[in-house]
Structure formats: C-alpha cells, structure tokens
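The file entry_11.pdb comes next; it holds PDB, C-alpha atoms.
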```
ATOM      1  CA  MET A 200     210.704 105.862 126.339
ATOM      2  CA  ALA A 201     208.772 105.023 129.444
ATOM      3  CA  ILE A 202     205.099 104.359 129.914
ATOM      4  CA  PHE A 203     203.867 104.926 133.459
ATOM      5  CA  HIS A 204     200.707 103.895 135.279
ATOM      6  CA  ARG A 205     199.070 105.889 138.077
ATOM      7  CA  ASP A 206     195.715 104.837 139.483
ATOM      8  CA  ARG A 207     193.313 105.410 136.591
ATOM      9  CA  THR A 208     195.799 107.063 134.231
ATOM     10  CA  ILE A 209     198.458 105.665 131.930
ATOM     11  CA  GLY A 210     200.902 108.071 130.316
ATOM     12  CA  SER A 211     204.246 108.423 128.638
ATOM     13  CA  ASP A 212     207.303 110.572 129.172
ATOM     14  CA  ARG A 213     207.530 111.083 125.380
ATOM     15  CA  THR A 214     204.073 112.345 124.486
ATOM     16  CA  PRO A 215     201.275 114.386 126.058
ATOM     17  CA  GLU A 216     198.686 111.738 125.186
ATOM     18  CA  ARG A 217     197.154 109.716 128.015
ATOM     19  CA  ALA A 218     194.769 106.852 128.679
ATOM     20  CA  THR A 219     192.231 107.107 131.468
ATOM     21  CA  GLN A 220     190.048 104.453 133.000
ATOM     22  CA  GLY A 221     186.397 105.369 133.103
ATOM     23  CA  PRO A 222     183.789 104.373 135.682
ATOM     24  CA  ASP A 223     182.736 101.572 133.322
ATOM     25  CA  GLY A 224     186.191  99.978 133.713
ATOM     26  CA  TRP A 225     187.249 100.606 130.108
ATOM     27  CA  TRP A 226     190.312 102.630 129.163
ATOM     28  CA  ARG A 227     190.152 105.474 126.654
ATOM     29  CA  LEU A 228     193.019 107.133 124.846
ATOM     30  CA  THR A 229     192.960 110.918 124.563
ATOM     31  CA  TRP A 230     193.516 110.553 120.830
ATOM     32  CA  LEU A 231     190.943 107.765 120.363
ATOM     33  CA  PRO A 232     188.269 108.495 123.002
ATOM     34  CA  GLU A 233     185.340 106.774 121.304
ATOM     35  CA  ARG A 234     186.973 103.336 121.464
ATOM     36  CA  PRO A 235     186.784 101.470 124.814
ATOM     37  CA  LEU A 236     190.009  99.543 125.402
ATOM     38  CA  THR A 237     191.507  97.038 127.792
ATOM     39  CA  ARG A 238     194.525  98.103 129.831
ATOM     40  CA  ASP A 239     196.849  96.228 127.458
ATOM     41  CA  GLN A 240     195.260  97.914 124.449
ATOM     42  CA  ALA A 241     195.632 101.332 126.098
ATOM     43  CA  ILE A 242     199.328 100.655 126.642
ATOM     44  CA  ALA A 243     199.644  99.563 122.996
ATOM     45  CA  GLY A 244     197.973 102.835 121.947
ATOM     46  CA  LEU A 245     200.442 104.878 123.973
ATOM     47  CA  ARG A 246     203.376 102.878 122.646
ATOM     48  CA  LEU A 247     202.079 103.494 119.136
ATOM     49  CA  ASP A 248     202.026 107.231 119.840
ATOM     50  CA  GLU A 249     205.563 107.109 121.237
ATOM     51  CA  ILE A 250     206.851 105.413 118.095
ATOM     52  CA  LEU A 251     205.060 107.795 115.737
ATOM     53  CA  SER A 252     206.236 110.812 117.756
ATOM     54  CA  ASP A 253     209.920 109.947 117.456
ATOM     55  CA  PRO A 254     211.475 111.416 114.270
ATOM     56  CA  ALA A 255     214.492 109.124 114.657
ATOM     57  CA  LEU A 256     212.246 106.111 113.988
ATOM     58  CA  VAL A 257     210.737 107.310 110.716
ATOM     59  CA  ASP A 258     212.947 104.986 108.646
ATOM     60  CA  ASP A 259     213.259 102.191 111.218
ATOM     61  CA  ARG A 260     211.519  99.139 109.761
ATOM     62  CA  MET A 261     211.331  97.362 113.120
ATOM     63  CA  ALA A 262     209.723 100.395 114.768
ATOM     64  CA  ILE A 263     207.180 100.670 111.951
ATOM     65  CA  ALA A 264     206.415  96.953 112.307
ATOM     66  CA  GLU A 265     205.885  97.446 116.061
ATOM     67  CA  ALA A 266     203.678 100.490 115.392
ATOM     68  CA  THR A 267     201.620  98.436 112.932
ATOM     69  CA  SER A 268     201.216  95.695 115.531
ATOM     70  CA  CYS A 269     200.173  98.224 118.198
ATOM     71  CA  ALA A 270     197.599  99.749 115.840
ATOM     72  CA  ASP A 271     196.239  96.295 115.089
ATOM     73  CA  ARG A 272     195.883  95.566 118.821
ATOM     74  CA  ILE A 273     193.641  98.598 119.271
ATOM     75  CA  GLY A 274     191.629  97.820 116.153
ATOM     76  CA  ILE A 275     192.757 100.478 113.689
ATOM     77  CA  ILE A 276     195.225 100.602 110.821
ATOM     78  CA  LEU A 277     198.512 102.446 111.140
ATOM     79  CA  GLU A 278     197.495 105.146 108.662
ATOM     80  CA  GLN A 279     194.426 106.012 110.778
ATOM     81  CA  ALA A 280     196.636 106.432 113.832
ATOM     82  CA  VAL A 281     199.052 108.666 111.916
ATOM     83  CA  ILE A 282     196.216 110.913 110.729
ATOM     84  CA  ARG A 283     194.540 111.134 114.146
ATOM     85  CA  LEU A 284     197.779 111.936 115.954
ATOM     86  CA  TRP A 285     198.811 114.450 113.279
ATOM     87  CA  LYS A 286     195.458 116.233 113.626
ATOM     88  CA  ARG A 287     195.859 116.422 117.410
ATOM     89  CA  THR A 288     199.394 117.800 117.053
ATOM     90  CA  PHE A 289     198.290 120.314 114.424
ATOM     91  CA  THR A 290     195.391 121.473 116.612
ATOM     92  CA  ALA A 291     197.643 121.820 119.648
ATOM     93  CA  LEU A 292     200.210 123.835 117.672
ATOM     94  CA  THR A 293     197.466 126.066 116.278
ATOM     95  CA  LEU A 294     196.109 126.726 119.774
ATOM     96  CA  CYS A 295     199.602 127.475 121.094
ATOM     97  CA  SER A 296     200.159 129.902 118.246
ATOM     98  CA  LEU A 297     196.859 131.638 118.989
ATOM     99  CA  VAL A 298     197.668 131.936 122.696
ATOM    100  CA  LEU A 299     201.140 133.291 121.985
ATOM    101  CA  THR A 300     199.729 135.820 119.542
ATOM    102  CA  ARG A 301     197.215 137.022 122.125
ATOM    103  CA  LEU A 302     199.825 137.155 124.880
ATOM    104  CA  ARG A 303     202.058 139.346 122.731
ATOM    105  CA  LEU A 304     199.187 141.783 122.229
ATOM    106  CA  LYS A 305     197.982 141.914 125.842
ATOM    107  CA  PRO A 306     201.054 143.445 127.575
ATOM    108  CA  ALA A 307     200.600 146.625 125.532
ATOM    109  CA  VAL A 308     196.971 146.792 126.685
ATOM    110  CA  TRP A 309     197.848 146.027 130.307
ATOM    111  CA  GLY A 310     200.742 148.453 130.450
TER     112      GLY A 310
END
```

Represent the structure contained in this file as structure tokens.
Amino acid sequence: MAIFHRDRTIGSDRTPERATQGPDGWWRLTWLPERPLTRDQAIAGLRLDEILSDPALVDDRMAIAEATSCADRIGIILEQAVIRLWKRTFTALTLCSLVLTRLRLKPAVWG
C-alpha cells in the first residue's frame, strides 16, 4: 500500500479515492467532501480507505485498530466510514453495470 502526493492531490495505489486541496487551502476526500481536512487528516482518510478496501485485513485486529484511529483523526466513527465507502463502491459498481449493459446493446445498433 502506497499513498502518493502530487501537487494538490493525494492518492493511493490501492483505491480510486483521492484527496484534493482546494483554493481555501483545505483538503477534501472524494468520499467525505463536505469535511475540510488538514493534509495529515487527508492522508489518514486515505489510509482508512486502504485498510477497509483490503479483504485480507477484515479479521486483523491491528488493522481495525489503525482504521479506528484514522477515522477518529478525521472526526468520524469507523462505522460511518464503512457505510460511506460501501455506498461509493456500490454506486460505482451500479454505474459500471449500467455502462456495460448499454455497451452490449449498442454494437447491434451500430452494426
């Protein structure tokens, strides 16, 4: 797992979520956009997402403790983070399914 920083964007190689720095100087996570964060909090939010996105860590007590600490640093409880990230994943999968369904129908129309 690696978190990277480029100019006004912080990201991860494990998750599509990002943090961007706005003109006001605050960072905002893609999955928690209404909450202005410091750079350290944004990194904690991405680390939290990395942990929750890794199925191998589901029973790892130390990883869950770290996730809880990360959630606390950004001012939410772990369960809120799980629900928000699940909703984003569900929405993304639904959109992908819709696009794939439409793409399968279009070649017959184009051809």

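The set of protein, DNA and RNA residues with any counted atom at most 10 Å from (202.7, 98.5, 122.8) (all atoms listed in the file) reads Ile202, Asp239, Gln240, Ala241, Ile242, Ala243, Gly244, Leu245, Arg246, Leu247, Asp248, Glu249, Ile250, Glu265, Ala266, Thr267, Ser268, Cys269, Ala270, Arg272 and Ile273 of chain A.
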
Select from region 282-308 of chain A every residue with an atom at most 12 Å from any atom of region 207-222 of chain A, then for each give the shortest pair of atoms and their distance in Å to one decimal, using all atoms listed in the file, rows by chain and rising number, as CSV.
```
residue,atom,partner,partner_atom,distance
A:Arg283,CA,A:Glu216,CA,11.8
A:Leu284,CA,A:Glu216,CA,9.3
A:Arg287,CA,A:Glu216,CA,9.5
A:Thr288,CA,A:Pro215,CA,9.8
A:Ala291,CA,A:Pro215,CA,10.5
```

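Minimum atom-to-atom distances from A:Leu299, A:Leu251, A:Leu294, A:Leu236 to Ala280 (chain A) were compared using only C-alpha atoms, and the lowest value belongs to A:Leu251.
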
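CA of Leu228 (chain A) is found 15.4 Å from CA of Ser252 (chain A).
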
Next on the checklist: To one decimal place in Å, what is the distance between CA of Arg205 (chain A) and CA of Arg238 (chain A)?
Outcome noted: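 Straight-line distance from CA of Arg205 (chain A) to CA of Arg238 (chain A) works out to 12.2 Å.
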
Checklist entry - Nearest to Trp226 (chain A) among A:Met261, A:Phe289, A:Asp206, A:Leu277, with distances taken over all atoms listed in the file: which residue is it? => result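 Answer, going by the shortest atom-to-atom distance: A:Asp206.
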
Checklist entry - Suppose you want the space between CA of Leu292 (chain A) and CA of Leu231 (chain A); what is it in Å? => result 18.7 Å

How about completing region 241-266 of chain A with N, CA and C atoms and giving it to me as a compact mmCIF listing (two decimals), keeping the file's coordinate frame?
```txt
# COMPACT_ATOMS: atom_id res chain seq x y z
N ALA A 241 195.29 99.93 125.82
CA ALA A 241 195.63 101.33 126.10
C ALA A 241 197.15 101.52 126.08
N ILE A 242 197.86 100.59 126.66
CA ILE A 242 199.33 100.66 126.64
C ILE A 242 199.84 100.55 125.21
N ALA A 243 199.25 99.68 124.41
CA ALA A 243 199.64 99.56 123.00
C ALA A 243 199.39 100.88 122.26
N GLY A 244 198.28 101.55 122.57
CA GLY A 244 197.97 102.84 121.95
C GLY A 244 198.97 103.91 122.32
N LEU A 245 199.42 103.91 123.56
CA LEU A 245 200.44 104.88 123.97
C LEU A 245 201.80 104.56 123.36
N ARG A 246 202.11 103.28 123.29
CA ARG A 246 203.38 102.88 122.65
C ARG A 246 203.37 103.27 121.17
N LEU A 247 202.23 103.09 120.53
CA LEU A 247 202.08 103.49 119.14
C LEU A 247 202.36 104.99 118.99
N ASP A 248 201.80 105.79 119.88
CA ASP A 248 202.03 107.23 119.84
C ASP A 248 203.50 107.56 120.07
N GLU A 249 204.14 106.87 121.00
CA GLU A 249 205.56 107.11 121.24
C GLU A 249 206.38 106.86 119.97
N ILE A 250 206.10 105.75 119.30
CA ILE A 250 206.85 105.41 118.10
C ILE A 250 206.63 106.47 117.02
N LEU A 251 205.37 106.84 116.80
CA LEU A 251 205.06 107.80 115.74
C LEU A 251 205.53 109.21 116.07
N SER A 252 205.79 109.48 117.34
CA SER A 252 206.24 110.81 117.76
C SER A 252 207.75 110.97 117.71
N ASP A 253 208.46 109.91 117.44
CA ASP A 253 209.92 109.95 117.46
C ASP A 253 210.47 110.06 116.03
N PRO A 254 210.96 111.24 115.64
CA PRO A 254 211.48 111.42 114.27
C PRO A 254 212.63 110.47 113.93
N ALA A 255 213.36 110.02 114.92
CA ALA A 255 214.49 109.12 114.66
C ALA A 255 214.03 107.75 114.17
N LEU A 256 212.75 107.44 114.37
CA LEU A 256 212.25 106.11 113.99
C LEU A 256 211.54 106.09 112.64
N VAL A 257 211.51 107.21 111.96
CA VAL A 257 210.74 107.31 110.72
C VAL A 257 211.18 106.30 109.66
N ASP A 258 212.44 105.95 109.63
CA ASP A 258 212.95 104.99 108.65
C ASP A 258 213.31 103.64 109.27
N ASP A 259 212.93 103.42 110.51
CA ASP A 259 213.26 102.19 111.22
C ASP A 259 212.17 101.15 110.95
N ARG A 260 212.50 100.16 110.14
CA ARG A 260 211.52 99.14 109.76
C ARG A 260 210.96 98.38 110.95
N MET A 261 211.80 98.09 111.94
CA MET A 261 211.33 97.36 113.12
C MET A 261 210.35 98.22 113.93
N ALA A 262 210.63 99.50 114.04
CA ALA A 262 209.72 100.40 114.77
C ALA A 262 208.39 100.51 114.04
N ILE A 263 208.42 100.59 112.73
CA ILE A 263 207.18 100.67 111.95
C ILE A 263 206.39 99.36 112.08
N ALA A 264 207.09 98.25 112.11
CA ALA A 264 206.42 96.95 112.31
C ALA A 264 205.76 96.91 113.69
N GLU A 265 206.47 97.41 114.71
CA GLU A 265 205.88 97.45 116.06
C GLU A 265 204.69 98.39 116.10
N ALA A 266 204.79 99.54 115.44
CA ALA A 266 203.68 100.49 115.39
C ALA A 266 202.47 99.85 114.71
```
